[in-house]
Amino acid sequence: MADQAFVTLATNDSYAKGAMVLGRSLRSHKTSRKLAVLIGPHVSEPFRAVLDKIFDEVRLVDVLDSEDTAHLTMMERPDLGVTLTKLHCWTLTHYSKCVFMDADTMVLTNVDELFDREELSAAPDPGWPDCFNSGVFVFRPSNETYGKLLRYCSEHGSFDGGDQGVLNGFFSNWATADISKHLPFLYNLSSIAIYSYLPAFKQYGANAKVVHFLGKMKPWSYTYDTRAKQVKGDTQEAATHPGYLLRWWEIFSTAVVPMLAEQHGDRHFHSGCVVGELEVGMSQLQASDPEPPALSSEERKQRWEQGQADYMGMDSFENIQKKLDTFLK
Ligand code: UDP
Ligand code: MN
């Protein structure tokens with residue numbers, strides 16, 4: 001399976017944090033496929049070094065620098081910067097098939113079965129289900145398709161300003177042509193769906209396979225109290241991601257922050273980890289081990305892998321619903 005890969009994209013250090021957690025989540029669920037990340041020139045050196053450790057391939061894509069048609073398209077459509085960078089994933093022709101995943105996604109289980117699907121397979125967008133959401137999709141790298149996509153881009157632009165508009169315009173028969181290209185919603189579960197159809201989430205949410213932190217607030221926009229094991233910030237928003245946001249921060253604070261700290265040496269970097277009001281450094285992170293939780297993190301992880309995370313305890317549905325009720329009032 002060396003010729004198949006999960007692919008993500010990070011044009012800056014913030015999205016690189018997301019890519020790191022995604023990569024770790026794929027590894028911890030023992031994917032048999034390669035992991036590749038496309039990065040932009042603004043990702044800093046220490047962040048690249050950590051991406052290098054998690055991913056099999058870190059590829060720098062600089063659309064402005066490139067000699068190809070992307071450069072020309074970019075000149076005509078400067079608004080489509082990140083979009084064009086994402087389309088670069090079609091140039092990874094040393095792979096026969098790939099699954100693209102946004103840097104703000106995280107897997108809760110092994111999802112290698114996605115490689116049984118064909119281009120272009122994706123899950124419905126929660127806002128307009130006749131469009132697919134471009135946060136998770138199966139594709140076949142091909143320079144020919146890449147060229148056609150760029151041509152489409154320069155001629156038609158993007159109806160929503162991003163890659164999702166371009167891709168839905170290009171793969172325009174997705175909604176009607178072939179049901180096998182409709183991924184179950186569980187492969188791209190976003191918070192918006194949780195509160196727009198709560199009973200469905202209650203019924204099916206435990207089977208979620210991929211969480212997508214779609215929208216303005218990303219996991220790294222919050223801070224995380226490592227001692228209290230709580231996400232801080234706009235808790236109304238946080239409440240719509242039940243245990244998922246906590247899970248993201250658990251991976252980030254325990255697996256990613258130590259790697260970033262190692263790369264930064266004595267230099268400060270923004271970990272987003274706090275104890276109380278104070279941002280904590282690496283030494284404090286290690287020293288602040290609180291009284292052991294009722295479940296070891298390994299046990300918790302196993303539960304997550306079985307899709308049973310937190311639903312019985314602090315993230316019981318009653319608790320989520322209470323928070324949502326106050327939110328919706
Ligand atoms: N992205 C990036 N840098 C940016 C914006 C986006 O690298 O400044 C990449 C990243 O992989 C991200 C994807 O493009 O997950 C899509 O953007 P985003 O997830 O923010 O959009 P949403 O899913 O919220 O619509
Ligand atoms: Mn996204």
# chains A, B, ... in the order shown; residues from 1 in each chain; ligands from 1
>>> residues_near_ligand(ligand="ligand 2", cutoff="12 Å", atoms="only C-alpha atoms and all ligand atoms", output="MDAnalysis selection string")
chainID A and resid 8:10 15 18:19 22 86 100:106 125 133:137 162:164 188:191 210:219
>>> select_by_dssp(residues="range 10-193 of chain A", states="helix (DSSP H, G or I)", output="PyMOL selection string")
chain A and resi 13-28+45-54+69-76+78-91+112-116+143-156+163-170+174-177+179-181+185-187+191-193
>>> residues_around(residues="His156 in chain A", least_positions_apart="5", cutoff="12 Å", atoms="only C-alpha atoms", output="PyMOL selection string")
chain A and resi 73+76-77+80+148-151+161+165-170
>>> write_last_selection(atoms="N, CA, C and O atoms", output="mmCIF file, in the first residue's frame")
data_model
loop_
_atom_site.group_PDB
_atom_site.id
_atom_site.type_symbol
_atom_site.label_atom_id
_atom_site.label_comp_id
_atom_site.auth_asym_id
_atom_site.auth_seq_id
_atom_site.Cartn_x
_atom_site.Cartn_y
_atom_site.Cartn_z
ATOM 1 N N THR A 73 -2.685 31.191 -13.091
ATOM 2 C CA THR A 73 -4.028 31.285 -12.520
ATOM 3 C C THR A 73 -4.010 32.166 -11.275
ATOM 4 O O THR A 73 -4.887 32.988 -11.048
ATOM 5 N N GLU A 76 -4.076 35.765 -12.045
ATOM 6 C CA GLU A 76 -5.403 36.252 -12.428
ATOM 7 C C GLU A 76 -6.380 36.226 -11.262
ATOM 8 O O GLU A 76 -7.325 36.992 -11.209
ATOM 9 N N ARG A 77 -6.192 35.265 -10.366
ATOM 10 C CA ARG A 77 -7.149 35.075 -9.271
ATOM 11 C C ARG A 77 -6.433 35.046 -7.932
ATOM 12 O O ARG A 77 -6.365 34.006 -7.284
ATOM 13 N N LEU A 80 -7.686 33.198 -4.792
ATOM 14 C CA LEU A 80 -7.761 31.741 -4.666
ATOM 15 C C LEU A 80 -6.466 31.104 -4.165
ATOM 16 O O LEU A 80 -6.204 29.928 -4.400
ATOM 17 N N LYS A 148 -6.721 20.308 -15.761
ATOM 18 C CA LYS A 148 -8.131 20.641 -16.019
ATOM 19 C C LYS A 148 -8.716 21.452 -14.861
ATOM 20 O O LYS A 148 -9.514 22.380 -15.073
ATOM 21 N N LEU A 149 -8.332 21.089 -13.640
ATOM 22 C CA LEU A 149 -8.828 21.821 -12.479
ATOM 23 C C LEU A 149 -8.374 23.277 -12.516
ATOM 24 O O LEU A 149 -9.153 24.192 -12.244
ATOM 25 N N LEU A 150 -7.109 23.480 -12.880
ATOM 26 C CA LEU A 150 -6.597 24.853 -12.942
ATOM 27 C C LEU A 150 -7.310 25.652 -14.026
ATOM 28 O O LEU A 150 -7.648 26.819 -13.845
ATOM 29 N N ARG A 151 -7.537 24.980 -15.166
ATOM 30 C CA ARG A 151 -8.246 25.677 -16.240
ATOM 31 C C ARG A 151 -9.650 26.052 -15.774
ATOM 32 O O ARG A 151 -10.113 27.168 -15.966
ATOM 33 N N GLY A 161 -15.564 31.006 -3.123
ATOM 34 C CA GLY A 161 -14.266 31.609 -2.825
ATOM 35 C C GLY A 161 -13.210 30.620 -2.376
ATOM 36 O O GLY A 161 -12.055 30.993 -2.179
ATOM 37 N N GLY A 165 -15.937 25.224 -3.572
ATOM 38 C CA GLY A 165 -16.683 25.738 -4.717
ATOM 39 C C GLY A 165 -16.096 25.248 -6.031
ATOM 40 O O GLY A 165 -16.815 24.809 -6.935
ATOM 41 N N VAL A 166 -14.773 25.293 -6.135
ATOM 42 C CA VAL A 166 -14.105 24.819 -7.361
ATOM 43 C C VAL A 166 -14.384 23.333 -7.577
ATOM 44 O O VAL A 166 -14.783 22.908 -8.672
ATOM 45 N N LEU A 167 -14.173 22.557 -6.530
ATOM 46 C CA LEU A 167 -14.270 21.105 -6.696
ATOM 47 C C LEU A 167 -15.700 20.663 -6.997
ATOM 48 O O LEU A 167 -15.927 19.763 -7.804
ATOM 49 N N ASN A 168 -16.688 21.327 -6.362
ATOM 50 C CA ASN A 168 -18.072 20.968 -6.662
ATOM 51 C C ASN A 168 -18.468 21.402 -8.068
ATOM 52 O O ASN A 168 -19.262 20.736 -8.729
ATOM 53 N N GLY A 169 -17.883 22.514 -8.531
ATOM 54 C CA GLY A 169 -18.135 22.932 -9.898
ATOM 55 C C GLY A 169 -17.538 21.933 -10.883
ATOM 56 O O GLY A 169 -18.162 21.563 -11.884
ATOM 57 N N PHE A 170 -16.348 21.483 -10.579
ATOM 58 C CA PHE A 170 -15.628 20.582 -11.488
ATOM 59 C C PHE A 170 -16.235 19.173 -11.480
ATOM 60 O O PHE A 170 -16.509 18.599 -12.535
#
>>> atom_distance(atom1="CA of Asp3 in chain A", atom2="CA of Glu57 in chain A")
12.4 Å
>>> closest_residue(among="A:Glu262, A:Asp178, A:Asp160, A:Glu144", to="ligand 1", atoms="only C-alpha atoms and all ligand atoms")
A:Asp160
>>> residues_around(residues="Phe132 in chain A", least_positions_apart="5", cutoff="10 Å", atoms="only C-alpha atoms", output="ChimeraX atom specification")
/A:120-127,137,164-165,167-168,171-172,174-175,181-183
>>> write_last_selection(atoms="N, CA, C and O atoms", output="short mmCIF file (atom, residue, chain, number, x, y, z; two decimals), in the first residue's frame")
data_model
loop_
_atom_site.label_atom_id
_atom_site.label_comp_id
_atom_site.auth_asym_id
_atom_site.auth_seq_id
_atom_site.Cartn_x
_atom_site.Cartn_y
_atom_site.Cartn_z
N LEU A 120 -14.50 10.91 -7.52
CA LEU A 120 -14.25 11.74 -6.35
C LEU A 120 -15.32 11.34 -5.33
O LEU A 120 -16.51 11.59 -5.56
N SER A 121 -14.87 10.71 -4.26
CA SER A 121 -15.80 10.33 -3.20
C SER A 121 -15.66 11.31 -2.04
O SER A 121 -14.54 11.67 -1.66
N ALA A 122 -16.79 11.73 -1.51
CA ALA A 122 -16.79 12.69 -0.40
C ALA A 122 -18.15 12.61 0.30
O ALA A 122 -19.09 12.03 -0.24
N ALA A 123 -18.22 13.21 1.48
CA ALA A 123 -19.47 13.22 2.25
C ALA A 123 -20.25 14.50 1.95
O ALA A 123 -19.67 15.51 1.56
N PRO A 124 -21.56 14.46 2.12
CA PRO A 124 -22.37 15.66 1.87
C PRO A 124 -21.98 16.80 2.80
O PRO A 124 -21.57 16.57 3.93
N ASP A 125 -22.13 18.02 2.29
CA ASP A 125 -21.91 19.19 3.13
C ASP A 125 -23.16 19.40 4.00
O ASP A 125 -24.27 19.35 3.47
N PRO A 126 -22.98 19.64 5.28
CA PRO A 126 -24.15 19.78 6.16
C PRO A 126 -25.03 20.98 5.79
O PRO A 126 -26.23 20.98 6.03
N GLY A 127 -24.43 22.01 5.17
CA GLY A 127 -25.21 23.21 4.84
C GLY A 127 -26.00 23.06 3.56
O GLY A 127 -27.09 23.61 3.42
N PHE A 137 -11.87 13.85 1.08
CA PHE A 137 -12.27 13.29 -0.22
C PHE A 137 -11.22 12.33 -0.77
O PHE A 137 -10.04 12.43 -0.47
N GLN A 164 -13.82 24.24 -2.03
CA GLN A 164 -15.06 23.47 -2.12
C GLN A 164 -15.92 23.91 -3.31
O GLN A 164 -16.52 23.08 -3.99
N GLY A 165 -15.94 25.22 -3.57
CA GLY A 165 -16.68 25.74 -4.72
C GLY A 165 -16.10 25.25 -6.03
O GLY A 165 -16.82 24.81 -6.93
N LEU A 167 -14.17 22.56 -6.53
CA LEU A 167 -14.27 21.10 -6.70
C LEU A 167 -15.70 20.66 -7.00
O LEU A 167 -15.93 19.76 -7.80
N ASN A 168 -16.69 21.33 -6.36
CA ASN A 168 -18.07 20.97 -6.66
C ASN A 168 -18.47 21.40 -8.07
O ASN A 168 -19.26 20.74 -8.73
N PHE A 171 -16.43 18.63 -10.28
CA PHE A 171 -17.05 17.29 -10.17
C PHE A 171 -18.56 17.49 -10.00
O PHE A 171 -19.14 17.12 -8.98
N SER A 172 -19.17 18.06 -11.01
CA SER A 172 -20.52 18.61 -10.82
C SER A 172 -21.61 17.54 -10.80
O SER A 172 -22.73 17.85 -10.41
N TRP A 174 -21.53 14.88 -8.91
CA TRP A 174 -21.37 14.10 -7.68
C TRP A 174 -22.73 13.76 -7.03
O TRP A 174 -22.95 12.63 -6.61
N ALA A 175 -23.63 14.76 -7.00
CA ALA A 175 -24.88 14.58 -6.25
C ALA A 175 -25.76 13.48 -6.84
O ALA A 175 -26.51 12.83 -6.11
N LYS A 181 -20.00 7.03 -4.48
CA LYS A 181 -19.09 8.16 -4.23
C LYS A 181 -19.59 9.08 -3.12
O LYS A 181 -18.96 10.10 -2.82
N HIS A 182 -20.72 8.71 -2.53
CA HIS A 182 -21.21 9.45 -1.36
C HIS A 182 -20.68 8.75 -0.10
O HIS A 182 -21.14 7.67 0.24
N LEU A 183 -19.73 9.36 0.55
CA LEU A 183 -19.26 8.79 1.81
C LEU A 183 -20.31 9.02 2.87
O LEU A 183 -20.96 10.07 2.89
#
>>> atom_distance(atom1="CA of Val61 in chain A", atom2="CA of Ile251 in chain A")
26.9 Å
